[in-house]
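Visitor: For reference, this is final.cif, and it has mmCIF, C-alpha atoms.
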```cif
data_entry
loop_
_atom_site.label_atom_id
_atom_site.label_comp_id
_atom_site.auth_asym_id
_atom_site.auth_seq_id
_atom_site.Cartn_x
_atom_site.Cartn_y
_atom_site.Cartn_z
CA MET A 207 13.87 10.82 -6.87
CA ASP A 208 17.38 10.60 -8.26
CA ARG A 209 18.97 13.99 -9.01
CA LYS A 210 19.70 12.72 -12.55
CA GLU A 211 15.94 12.79 -13.16
CA PHE A 212 15.77 16.48 -12.28
CA ALA A 213 18.79 17.21 -14.48
CA ARG A 214 17.12 15.40 -17.40
CA ARG A 215 13.99 17.51 -16.95
CA ARG A 216 15.98 20.73 -16.86
CA ARG A 217 17.83 19.83 -20.07
CA GLN A 218 14.55 19.04 -21.83
CA PHE A 219 12.93 22.22 -20.56
CA MET A 220 15.83 24.43 -21.68
CA ARG A 221 15.83 22.85 -25.13
CA MET A 222 12.16 23.74 -25.41
CA ILE A 223 12.44 27.39 -24.36
CA GLY A 224 15.58 28.12 -26.40
CA LYS A 225 18.77 30.11 -25.84
CA ASP A 226 17.11 33.52 -26.00
CA ALA A 227 14.98 32.80 -22.94
CA ILE A 228 15.32 32.74 -19.18
CA ALA A 229 13.04 30.95 -16.70
CA ILE A 230 12.42 32.10 -13.13
CA LEU A 231 10.72 29.81 -10.60
CA PRO A 232 10.17 30.92 -7.00
CA ALA A 233 9.69 28.36 -4.26
CA ALA A 234 6.38 28.14 -2.44
CA PRO A 235 6.14 30.58 0.46
CA VAL A 236 5.64 29.48 4.05
CA ARG A 237 1.93 29.63 4.92
CA HIS A 238 0.62 30.46 8.38
CA ARG A 239 -2.30 28.55 9.83
CA ASN A 240 -2.96 31.04 12.59
CA GLY A 241 -0.84 33.37 14.67
CA ASP A 242 2.76 32.31 14.26
CA MET A 243 1.91 28.63 13.63
CA GLU A 244 2.81 27.40 10.17
CA TYR A 245 1.25 24.77 7.95
CA ALA A 246 3.54 21.88 7.11
CA TYR A 247 5.69 23.12 4.25
CA ARG A 248 5.02 21.74 0.78
CA GLN A 249 7.16 22.86 -2.13
CA ASP A 250 5.64 24.40 -5.29
CA SER A 251 5.12 21.58 -7.80
CA HIS A 252 6.73 23.33 -10.78
CA PHE A 253 9.72 24.38 -8.67
CA HIS A 254 10.10 20.83 -7.34
CA TYR A 255 9.72 19.30 -10.80
CA LEU A 256 12.80 21.11 -12.11
CA SER A 257 14.93 21.37 -8.97
CA GLY A 258 14.01 18.87 -6.28
CA PHE A 259 15.08 21.58 -3.82
CA PRO A 260 12.85 21.38 -0.71
CA GLU A 261 13.35 24.73 1.02
CA PRO A 262 11.32 27.96 1.06
CA ASP A 263 12.77 31.41 0.32
CA SER A 264 14.46 30.04 -2.78
CA VAL A 265 14.43 30.85 -6.49
CA ALA A 266 15.52 28.62 -9.38
CA VAL A 267 16.77 30.32 -12.54
CA LEU A 268 17.42 28.53 -15.83
CA VAL A 269 19.55 30.39 -18.38
CA PRO A 270 20.04 28.19 -21.47
CA GLY A 271 23.48 28.48 -23.04
CA ARG A 272 25.02 30.59 -20.25
CA PRO A 273 28.75 29.68 -20.29
CA GLN A 274 29.22 30.11 -16.54
CA GLY A 275 26.34 27.72 -15.76
CA GLU A 276 22.74 27.32 -16.89
CA TYR A 277 21.09 26.27 -13.61
CA LEU A 278 21.26 28.68 -10.69
CA LEU A 279 19.71 28.54 -7.26
CA PHE A 280 19.19 31.45 -4.88
CA VAL A 281 18.82 30.01 -1.38
CA ARG A 282 18.92 30.87 2.30
CA GLU A 283 22.37 31.06 3.83
CA HIS A 284 23.31 29.05 6.89
CA ASP A 285 22.07 30.65 10.09
CA ALA A 286 22.91 28.87 13.33
CA VAL A 287 20.10 30.53 15.29
CA ARG A 288 17.35 29.85 12.75
CA GLU A 289 18.62 26.33 12.09
CA ALA A 290 18.39 25.61 15.81
CA TRP A 291 14.69 26.48 15.59
CA ASP A 292 13.70 25.27 12.10
CA GLY A 293 16.26 22.65 11.10
CA ALA A 294 19.29 22.45 8.84
CA ARG A 295 19.58 24.43 5.60
CA ALA A 296 21.39 23.34 2.48
CA GLY A 297 23.04 26.71 2.00
CA THR A 298 24.77 27.67 -1.22
CA GLU A 299 27.27 24.81 -0.93
CA GLY A 300 24.55 22.21 -0.45
CA ALA A 301 22.53 23.60 -3.34
CA VAL A 302 25.45 22.79 -5.64
CA GLU A 303 26.66 19.60 -4.02
CA HIS A 304 23.36 17.90 -3.26
CA TYR A 305 20.87 19.47 -5.69
CA GLY A 306 22.93 19.85 -8.84
CA ALA A 307 22.98 23.63 -9.22
CA ASP A 308 25.76 24.94 -11.46
CA ASP A 309 26.06 27.85 -9.09
CA ALA A 310 24.21 29.11 -6.02
CA PHE A 311 23.88 32.52 -4.38
CA PRO A 312 22.34 33.86 -1.18
CA ILE A 313 18.70 34.79 -1.69
CA THR A 314 19.52 38.21 -0.22
CA ASP A 315 21.70 38.93 -3.28
CA ILE A 316 19.02 38.28 -5.87
CA ASP A 317 18.23 41.96 -6.57
CA GLU A 318 21.88 42.56 -7.47
CA ILE A 319 22.41 39.44 -9.59
CA LEU A 320 19.18 38.63 -11.41
CA PRO A 321 18.83 41.82 -13.47
CA GLY A 322 22.18 41.05 -15.07
CA LEU A 323 20.94 37.57 -15.99
CA LEU A 324 17.87 39.10 -17.68
CA GLU A 325 19.95 41.26 -20.01
CA ARG A 326 20.07 40.08 -23.62
CA ARG A 327 17.29 37.57 -23.03
CA SER A 328 14.24 38.14 -25.22
CA GLN A 329 11.72 36.07 -23.25
CA ILE A 330 11.03 35.52 -19.56
CA TYR A 331 9.27 32.28 -18.69
CA TYR A 332 7.45 32.97 -15.45
CA SER A 333 4.12 32.12 -13.80
CA MET A 334 2.74 35.62 -13.27
CA GLY A 335 0.00 35.66 -10.63
CA THR A 336 0.92 32.35 -9.00
CA HIS A 337 3.14 34.02 -6.38
CA PRO A 338 1.84 37.63 -6.24
CA ASP A 339 4.42 38.78 -3.69
CA PHE A 340 7.22 37.75 -6.02
CA ASP A 341 5.62 39.30 -9.15
CA SER A 342 6.60 42.78 -8.02
CA HIS A 343 10.27 41.76 -7.84
CA VAL A 344 10.24 40.42 -11.39
CA LEU A 345 8.49 43.52 -12.74
CA SER A 346 10.87 45.85 -10.93
CA TRP A 347 13.89 44.09 -12.46
CA VAL A 348 12.42 44.40 -15.95
CA HIS A 349 11.39 48.03 -15.47
CA GLY A 350 14.86 48.80 -14.15
CA LEU A 351 16.45 47.36 -17.26
CA ARG A 352 14.07 49.20 -19.56
CA SER A 353 14.94 52.48 -17.90
CA GLN A 354 18.54 51.83 -18.99
CA ALA A 355 17.63 51.06 -22.60
CA ARG A 356 19.01 54.40 -23.82
CA GLN A 357 22.38 53.41 -22.36
CA GLY A 358 22.32 50.29 -24.51
CA ALA A 359 20.88 47.77 -22.07
CA ALA A 360 19.11 44.92 -23.87
CA THR A 361 15.84 44.01 -22.19
CA PRO A 362 13.37 41.12 -22.44
CA HIS A 363 10.39 42.04 -24.59
CA GLU A 364 8.02 39.20 -23.75
CA PHE A 365 6.68 37.32 -20.74
CA VAL A 366 5.69 33.73 -21.49
CA ALA A 367 3.54 31.66 -19.13
CA LEU A 368 5.77 28.98 -17.66
CA ARG A 369 2.90 26.51 -17.62
CA HIS A 370 2.70 26.42 -21.42
CA VAL A 371 5.87 24.33 -21.40
CA LEU A 372 5.95 22.73 -17.95
CA ASP A 373 2.32 21.57 -17.85
CA ASP A 374 2.84 19.61 -21.03
CA MET A 375 6.11 18.13 -19.79
CA ARG A 376 4.52 17.03 -16.55
CA LEU A 377 1.69 15.32 -18.41
CA TYR A 378 4.05 12.60 -19.69
CA LYS A 379 5.33 10.57 -16.74
CA SER A 380 8.86 9.19 -16.98
CA ARG A 381 9.71 5.70 -15.72
CA ALA A 382 10.94 7.22 -12.46
CA GLU A 383 7.66 9.09 -12.03
CA GLN A 384 5.64 5.99 -12.85
CA ALA A 385 7.52 4.13 -10.13
CA SER A 386 6.68 6.89 -7.64
CA LEU A 387 3.02 6.82 -8.66
CA ARG A 388 2.92 3.05 -8.20
CA ARG A 389 4.40 3.36 -4.72
CA SER A 390 1.94 6.08 -3.73
CA ALA A 391 -0.89 3.91 -5.06
CA GLN A 392 0.39 0.90 -3.13
CA ILE A 393 0.36 2.82 0.15
CA ALA A 394 -3.14 4.15 -0.53
CA VAL A 395 -4.42 0.65 -1.34
CA GLY A 396 -3.17 -0.55 2.05
CA ALA A 397 -4.78 2.40 3.80
CA HIS A 398 -8.16 1.82 2.14
CA ARG A 399 -8.07 -1.87 2.98
CA ARG A 400 -7.24 -1.06 6.62
CA ALA A 401 -10.10 1.46 6.81
CA MET A 402 -12.57 -0.93 5.19
CA ARG A 403 -11.74 -3.63 7.71
CA PHE A 404 -12.10 -1.16 10.58
CA ALA A 405 -15.46 0.36 9.59
CA ARG A 406 -18.36 -1.03 11.62
CA PRO A 407 -21.83 0.12 12.66
CA GLY A 408 -21.51 2.55 15.56
CA ARG A 409 -18.08 3.85 14.66
CA MET A 410 -17.58 7.45 13.61
CA GLU A 411 -16.56 8.66 10.18
CA TYR A 412 -13.57 10.44 11.69
CA GLU A 413 -12.40 7.18 13.28
CA VAL A 414 -12.28 5.62 9.82
CA MET A 415 -10.33 8.65 8.62
CA ALA A 416 -7.87 8.12 11.47
CA GLU A 417 -7.13 4.61 10.17
CA LEU A 418 -6.26 6.07 6.78
CA LEU A 419 -3.96 8.65 8.31
CA HIS A 420 -2.23 6.05 10.46
CA GLU A 421 -1.41 3.93 7.43
CA PHE A 422 -0.25 6.92 5.38
CA ARG A 423 2.08 8.23 8.06
CA SER A 424 3.40 4.71 8.77
CA HIS A 425 4.85 4.81 5.25
CA ASN A 426 6.12 8.41 5.40
CA ALA A 427 3.23 9.59 3.23
CA ASP A 428 0.82 12.44 3.84
CA LEU A 429 -2.63 13.37 2.58
CA SER A 430 -2.82 14.32 -1.09
CA TYR A 431 -6.22 15.90 -0.32
CA TYR A 432 -8.68 15.96 2.56
CA PRO A 433 -10.46 12.57 2.67
CA ILE A 434 -14.16 12.07 2.04
CA VAL A 435 -15.60 9.58 4.53
CA GLY A 436 -19.33 9.69 3.88
CA GLY A 437 -21.78 7.21 5.38
CA GLY A 438 -25.46 6.91 4.46
CA ALA A 439 -26.87 10.16 3.07
CA ASN A 440 -23.38 11.68 3.20
CA SER A 441 -22.31 9.30 0.42
CA CYS A 442 -24.46 11.42 -1.91
CA VAL A 443 -22.49 14.61 -1.15
CA MET A 444 -19.73 14.54 -3.76
CA HIS A 445 -17.28 16.71 -1.78
CA TYR A 446 -18.39 15.79 1.74
CA ARG A 447 -15.80 16.94 4.29
CA ASP A 448 -17.35 16.98 7.77
CA ASN A 449 -16.55 13.31 8.51
CA ASP A 450 -18.27 13.58 11.88
CA GLN A 451 -21.31 11.27 11.73
CA ARG A 452 -21.89 7.83 13.21
CA LEU A 453 -21.97 4.85 10.83
CA CYS A 454 -25.21 2.89 10.76
CA ASP A 455 -25.90 -0.73 9.89
CA GLY A 456 -27.43 -0.96 6.44
CA ASP A 457 -25.73 2.18 5.12
CA LEU A 458 -23.06 2.46 2.47
CA LEU A 459 -19.77 4.19 3.24
CA LEU A 460 -18.11 6.12 0.43
CA LEU A 461 -14.40 6.45 1.08
CA ASP A 462 -12.42 8.79 -1.21
CA ALA A 463 -8.83 9.21 -0.05
CA GLY A 464 -5.28 9.29 -1.34
CA CYS A 465 -1.78 10.01 -0.14
CA GLU A 466 1.26 11.89 -1.34
CA HIS A 467 4.54 10.02 -1.26
CA ASP A 468 7.77 11.56 -2.56
CA TYR A 469 5.56 14.38 -3.91
CA TYR A 470 3.43 12.04 -6.10
CA ALA A 471 -0.28 11.70 -5.39
CA SER A 472 -2.69 8.80 -5.25
CA ASP A 473 -6.48 9.03 -5.45
CA ILE A 474 -8.83 6.09 -4.76
CA THR A 475 -12.53 5.75 -4.02
CA ARG A 476 -14.33 2.66 -2.78
CA THR A 477 -17.93 2.30 -1.61
CA PHE A 478 -18.90 -0.57 0.68
CA PRO A 479 -21.67 -1.66 3.08
CA VAL A 480 -21.04 -0.73 6.71
CA GLY A 481 -22.78 -3.90 7.91
CA GLY A 482 -20.78 -6.18 5.62
CA ARG A 483 -23.42 -6.97 3.00
CA PHE A 484 -24.97 -4.97 0.19
CA SER A 485 -28.75 -4.74 0.11
CA SER A 486 -30.29 -5.77 -3.21
CA ALA A 487 -30.85 -2.12 -4.18
CA GLN A 488 -27.33 -1.10 -3.12
CA ARG A 489 -25.79 -3.97 -5.06
CA ALA A 490 -27.84 -3.17 -8.16
CA VAL A 491 -26.63 0.44 -8.18
CA TYR A 492 -23.08 -0.62 -7.34
CA GLU A 493 -22.93 -3.05 -10.26
CA VAL A 494 -24.03 -0.32 -12.69
CA VAL A 495 -21.21 1.95 -11.50
CA LEU A 496 -18.69 -0.89 -11.63
CA ASP A 497 -19.71 -1.80 -15.18
CA ALA A 498 -19.41 1.87 -16.14
CA GLN A 499 -15.95 2.09 -14.61
CA LEU A 500 -14.71 -1.04 -16.35
CA ALA A 501 -16.05 0.23 -19.67
CA ALA A 502 -14.31 3.59 -19.10
CA ILE A 503 -11.00 2.00 -18.10
CA ASP A 504 -11.05 -0.05 -21.30
CA LYS A 505 -11.10 3.23 -23.25
CA VAL A 506 -7.94 4.54 -21.55
CA ARG A 507 -5.81 3.53 -24.51
CA SER A 508 -3.22 5.30 -26.59
CA GLY A 509 -4.92 6.87 -29.62
CA ASN A 510 -8.28 7.36 -27.92
CA HIS A 511 -9.13 10.88 -26.81
CA TRP A 512 -9.67 12.24 -23.31
CA ASN A 513 -13.46 12.10 -23.48
CA HIS A 514 -13.76 8.49 -24.66
CA PRO A 515 -13.73 7.05 -21.09
CA HIS A 516 -16.38 9.56 -19.98
CA GLU A 517 -18.58 8.77 -22.97
CA ALA A 518 -18.34 5.06 -22.21
CA ALA A 519 -19.22 5.61 -18.54
CA VAL A 520 -22.18 7.86 -19.39
CA ARG A 521 -23.62 5.30 -21.79
CA VAL A 522 -23.40 2.42 -19.30
CA ILE A 523 -24.76 4.51 -16.42
CA THR A 524 -27.69 5.76 -18.49
CA GLN A 525 -28.52 2.20 -19.57
CA GLY A 526 -28.26 1.09 -15.95
CA LEU A 527 -30.51 3.86 -14.67
CA VAL A 528 -33.15 2.78 -17.19
CA LYS A 529 -32.82 -0.81 -16.05
CA LEU A 530 -33.20 0.28 -12.42
CA GLY A 531 -36.34 2.23 -13.32
CA LEU A 532 -34.81 5.58 -12.35
CA LEU A 533 -34.91 6.91 -15.92
CA LYS A 534 -37.52 6.29 -18.57
CA GLY A 535 -37.22 6.69 -22.32
CA LYS A 536 -35.06 5.65 -25.23
CA LEU A 537 -31.32 5.56 -24.71
CA ALA A 538 -30.45 7.90 -27.59
CA ALA A 539 -32.85 10.59 -26.38
CA LEU A 540 -31.74 10.26 -22.76
CA LEU A 541 -28.10 10.63 -23.77
CA LYS A 542 -28.88 13.64 -25.95
CA ASP A 543 -30.81 15.31 -23.11
CA GLN A 544 -28.12 14.37 -20.56
CA ALA A 545 -30.83 12.92 -18.34
CA TYR A 546 -28.15 11.11 -16.32
CA LEU A 547 -26.92 14.40 -14.82
CA GLN A 548 -29.44 14.26 -11.98
CA PHE A 549 -27.68 11.10 -10.75
CA PHE A 550 -24.16 11.48 -12.20
CA GLY A 551 -23.16 15.13 -12.18
CA HIS A 552 -19.38 15.07 -12.55
CA ARG A 553 -16.73 14.09 -15.05
CA THR A 554 -15.26 10.60 -15.05
CA GLY A 555 -11.68 11.55 -14.16
CA HIS A 556 -8.75 13.95 -14.07
CA TRP A 557 -5.00 13.94 -14.63
CA LEU A 558 -2.89 12.63 -11.75
CA GLY A 559 0.75 13.31 -10.84
CA LEU A 560 2.58 15.76 -8.59
CA ASP A 561 -0.84 17.29 -7.89
CA VAL A 562 -3.89 15.16 -7.29
CA HIS A 563 -5.70 17.25 -9.92
CA ASP A 564 -2.61 17.46 -12.04
CA VAL A 565 -1.70 19.97 -14.72
CA GLY A 566 -2.27 19.44 -18.44
CA ASP A 567 -4.83 20.62 -20.97
CA TYR A 568 -7.84 18.41 -21.62
CA LYS A 569 -8.39 19.99 -25.01
CA VAL A 570 -5.85 21.04 -27.65
CA GLY A 571 -6.96 23.36 -30.43
CA GLY A 572 -10.57 22.97 -29.33
CA GLU A 573 -10.47 19.15 -29.64
CA TRP A 574 -10.24 16.56 -26.89
CA ARG A 575 -6.64 15.62 -26.21
CA VAL A 576 -5.45 12.29 -27.61
CA LEU A 577 -4.21 9.89 -24.94
CA GLU A 578 -0.54 8.87 -25.17
CA PRO A 579 1.73 6.51 -23.20
CA GLY A 580 2.90 7.99 -19.91
CA MET A 581 -0.26 9.96 -19.19
CA THR A 582 -1.89 9.06 -15.87
CA LEU A 583 -5.49 9.73 -14.91
CA THR A 584 -8.26 8.67 -12.59
CA VAL A 585 -11.43 6.88 -13.68
CA GLU A 586 -14.27 7.56 -11.22
CA PRO A 587 -17.90 7.29 -12.34
CA GLY A 588 -20.61 7.46 -9.74
CA ILE A 589 -24.35 7.43 -9.04
CA TYR A 590 -25.86 9.52 -6.23
CA ILE A 591 -29.54 9.04 -5.39
CA ARG A 592 -31.07 11.54 -3.02
CA PRO A 593 -34.58 11.22 -1.56
CA SER A 594 -37.22 12.18 -4.11
CA PRO A 595 -40.89 11.32 -4.66
CA ARG A 596 -39.86 10.18 -8.16
CA VAL A 597 -37.43 7.59 -6.75
CA PRO A 598 -38.43 4.34 -4.96
CA LYS A 599 -37.49 4.50 -1.28
CA GLU A 600 -35.16 1.49 -1.44
CA PHE A 601 -32.79 3.64 -3.52
CA TRP A 602 -32.80 6.70 -1.27
CA ASN A 603 -29.40 7.85 0.05
CA ILE A 604 -27.44 5.39 -2.06
CA GLY A 605 -24.25 7.07 -3.24
CA VAL A 606 -21.69 4.96 -5.08
CA ARG A 607 -18.38 6.04 -6.60
CA ILE A 608 -15.55 3.74 -7.67
CA GLU A 609 -12.21 5.33 -8.53
CA ASP A 610 -8.93 3.89 -9.72
CA GLU A 611 -5.71 5.32 -11.12
CA VAL A 612 -4.84 4.34 -14.68
CA LEU A 613 -1.60 4.69 -16.64
CA VAL A 614 -1.79 4.94 -20.42
CA THR A 615 0.64 2.49 -22.02
CA ALA A 616 1.44 1.40 -25.56
CA ASP A 617 -0.90 -1.55 -24.96
CA ALA A 618 -3.68 -2.20 -22.43
CA PRO A 619 -4.26 0.34 -19.64
CA GLU A 620 -2.37 -0.30 -16.41
CA VAL A 621 -4.57 0.11 -13.34
CA LEU A 622 -2.15 1.22 -10.63
CA THR A 623 -4.70 0.54 -7.87
CA ALA A 624 -5.94 -2.82 -9.18
CA ALA A 625 -4.92 -4.63 -5.97
CA LEU A 626 -7.76 -3.04 -3.98
CA GLU A 627 -10.95 -5.08 -3.88
CA LYS A 628 -13.87 -3.65 -5.83
CA THR A 629 -16.26 -6.39 -6.97
CA PRO A 630 -19.22 -6.83 -4.60
CA GLU A 631 -18.11 -10.38 -3.82
CA ALA A 632 -14.52 -9.37 -3.06
CA ILE A 633 -15.63 -6.46 -0.87
CA GLU A 634 -18.05 -8.60 1.15
CA TYR A 635 -15.36 -11.25 1.59
CA LEU A 636 -12.88 -8.65 2.82
CA LEU A 637 -15.40 -7.29 5.31
CA ARG A 638 -16.32 -10.76 6.61
CA ALA A 639 -12.65 -11.63 7.09
CA ALA A 640 -11.95 -8.46 9.08
#
```
Take the structure in the file and write it out as C-alpha cells.

Guide:
Amino acid sequence: MDRKEFARRRRQFMRMIGKDAIAILPAAPVRHRNGDMEYAYRQDSHFHYLSGFPEPDSVAVLVPGRPQGEYLLFVREHDAVREAWDGARAGTEGAVEHYGADDAFPITDIDEILPGLLERRSQIYYSMGTHPDFDSHVLSWVHGLRSQARQGAATPHEFVALRHVLDDMRLYKSRAEQASLRRSAQIAVGAHRRAMRFARPGRMEYEVMAELLHEFRSHNADLSYYPIVGGGANSCVMHYRDNDQRLCDGDLLLLDAGCEHDYYASDITRTFPVGGRFSSAQRAVYEVVLDAQLAAIDKVRSGNHWNHPHEAAVRVITQGLVKLGLLKGKLAALLKDQAYLQFFGHRTGHWLGLDVHDVGDYKVGGEWRVLEPGMTLTVEPGIYIRPSPRVPKEFWNIGVRIEDEVLVTADAPEVLTAALEKTPEAIEYLLRAA
C-alpha cells in the first residue's frame, strides 16, 4: 500500500476528531505460542490502517494542529544484537523516512514525552481494553497530569472510543483498498480451484488444506482464518476445525477458506462432490442454496439496507425447503415462525476488509445500516441437514454453503470472487478435468 494512502487516512481521521483531541494507538504485542516460541507477528488492524508501520513495541500518536508535527511514532531503537536475532528495525530515522512520521522517538522515552502531548487536549481517542497492558500507561499519564491541575496543568477530560471514528472509516474501502481486496480474492480463488482439483475419495481433509496453504504461501499470502475442510457429516458443522477425516466417495466436501494478502482478507466457501458428481438429493439442496445466494447478491445494492440480502436468502431457502419436503406449511407462516432455522442457523454475511470479520456497525440508530458504495461484505447462505427421523435418509449429512465476496458499487454489485466455479455444471466439469 502506498504511503500516500496512509497519509490520506490520517488527514481524514484528524479532521474528524478535531484540534482539541489526541489519538493514541499502540501496536499489537508479540504473542507467545508456548515457551519462548512466538506466533508470527501480525500488526493491530487499527494501528496498521493509520500508520502502515509493521513493528511491535510501537505507538502512533496523532495530534491535530500541532505546529511541530501532527503524526508521531514511538519505535524501537536500532540494536545490533537484537537485530541479529530478529531482523532489521526501522528505528526513528526509518519511521520518518519510510513511514511518513513527522517525528519519531525511542519507545523508551514515551513516559517523558507523551504526558506533555496530552496537555491542553480535551479528548483522548483510545481503545481502552483492547491492549490491557498499555491501558495502565495511558491512565497513569492522565492521573499524573490531573495531580498537577492546581499548578495550572490543563488535562483531558474525556476518553473517546477510537473505534467510533475508525470503524466507520474502515467500512468505506478506497480504490487502493478495493485493489488489495481483489488481489486477495484472486489468490483465494486459485487456492480453492487447486484444492477442488486435488480432492479425491481416500484423501484426508488435512491434505486438501495443505493444497490451500501451498497456493497461499506461493503468492506471499497467509491464512485470514483457520480453514474449514469438512467432508460428509462434517459439512454440517458450521465451524468445523479438526480437518482430520478421510474423504469418501459420494460425500460432499465443504471448503471454507481465505487468505490475507497485504493485510486484506478474502473469504470463500464452495461445496462440491468428492466423487465428481452430485447425487440427485445433493444437487437439489445445492441448487436451493445457489438460488438463495444469487437472490441475496442481487440485493447488495446502494440504497438497500444490510438485512435485505439476508431476507432474500431466507425467503428462497424457506421456499426451497418446502419444495424438498423438509418443511411443511404456508410460506408466510414458516417465515414468521423462522422454521428455516433448523436448517439455516446463521446470518447471510459479514463485513470484509483488514479483518475477515471486519469492523463496522450493522445497525445505526436501531435501524439496519444502508449499503453505500465502497462497503464490502460476504454473502454466504447455507443448508445443513443432520440425521433425523423427520428427514428422508437421502438428505442426511448434506451440508451446503456457498460464499462470495461482494463490493457495493454505485450500480450492480461486484462479486470479487466471481471467477471461481459455483454452478453444479461448472463444478462437475472442473472436477472431471482435474

Visitor: When distances are computed from all atoms listed in the file, which of A:Val570, A:Glu578, A:Leu637, A:Leu560 shows the smallest separation from Glu383 (chain A)?

Guide: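 The closest residue to Glu383 (chain A) is A:Leu560.
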
Visitor: If I take CA of Glu421 (chain A) and CA of Gln392 (chain A), how far is one from the other in Å, to one decimal?

Guide: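 Pair CA of Glu421 (chain A) / CA of Gln392 (chain A) returns 11.1 Å.
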
Visitor: Quick one: residues within 9 Å of Val597 (chain A), all atoms listed in the file counted, chain neighbours fewer than 6 positions away excluded, as a list in words?

Guide: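 My reading of the contact set: Gly531, Leu532 and Ile591 of chain A.
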
Visitor: For the file shown, what are the residues hit by the PyMOL selection byres ((chain A and resi 350) around 12), laid out as number ranges by chain?

Guide: A: 317-318, 320-322, 324-325, 342-349, 351-356, 359-362

Visitor: List every protein, DNA or RNA residue that has an atom no more than 9 Å from (14.3, 37.4, -25.2) in the file's coordinate frame, counting only C-alpha atoms, and report them as a PyMOL selection string.

Guide: chain A and resi 225-228+324-330+361-365

Visitor: Between A:Gly605, A:Phe340, A:Trp574, A:Val236, which one has atoms that come closest to Val435 (chain A), using all atoms listed in the file?

Guide: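 Closest to Val435 (chain A) of all the choices is A:Gly605.
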
Visitor: Pull the closest atom pair for each residue of region 539-605 of chain A that gets at most 7 Å from region 478-488 of chain A, along with the distance in Å to one decimal, counting only C-alpha atoms, ordering rows by chain and then ascending residue number, as JSON lines.

Guide:
```
{"residue": "A:Glu600", "atom": "CA", "partner": "A:Ala487", "partner_atom": "CA", "distance": 6.3}
{"residue": "A:Phe601", "atom": "CA", "partner": "A:Ala487", "partner_atom": "CA", "distance": 6.1}
{"residue": "A:Ile604", "atom": "CA", "partner": "A:Gln488", "partner_atom": "CA", "distance": 6.6}
```

Visitor: Pick out the closest residue to Ala616 (chain A) from this set: A:Pro515, A:Gly509, A:Gly275, A:Pro598. Count all atoms listed in the file.

Guide: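 Among A:Pro515, A:Gly509, A:Gly275, A:Pro598, it is A:Gly509 that comes nearest to Ala616 (chain A).
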
Visitor: Which one is closest to His304 (chain A): A:Val366, A:Phe259, A:Tyr492, A:Trp291? Count all atoms listed in the file.

Guide: A:Phe259

Visitor: Which residues are close to region 547-552 of chain A, i.e. within 6 Å by only C-alpha atoms, leaving aside same-chain residues fewer than 4 positions away? Reply as a PyMOL selection string.

Guide: chain A and resi 588-590

Visitor: Just checking: using all atoms listed in the file, which residue out of A:Gly306, A:Gly555, A:Pro270, A:Gly293 ends up closest to Leu256 (chain A)?

Guide: A:Gly306

Visitor: With only C-alpha atoms as the basis for distance, which of A:Pro260, A:Pro587, A:Gly571, A:Pro235 is at the shortest distance from Thr477 (chain A)?

Guide: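 Among the listed residues, the smallest separation from Thr477 (chain A) belongs to A:Pro587.
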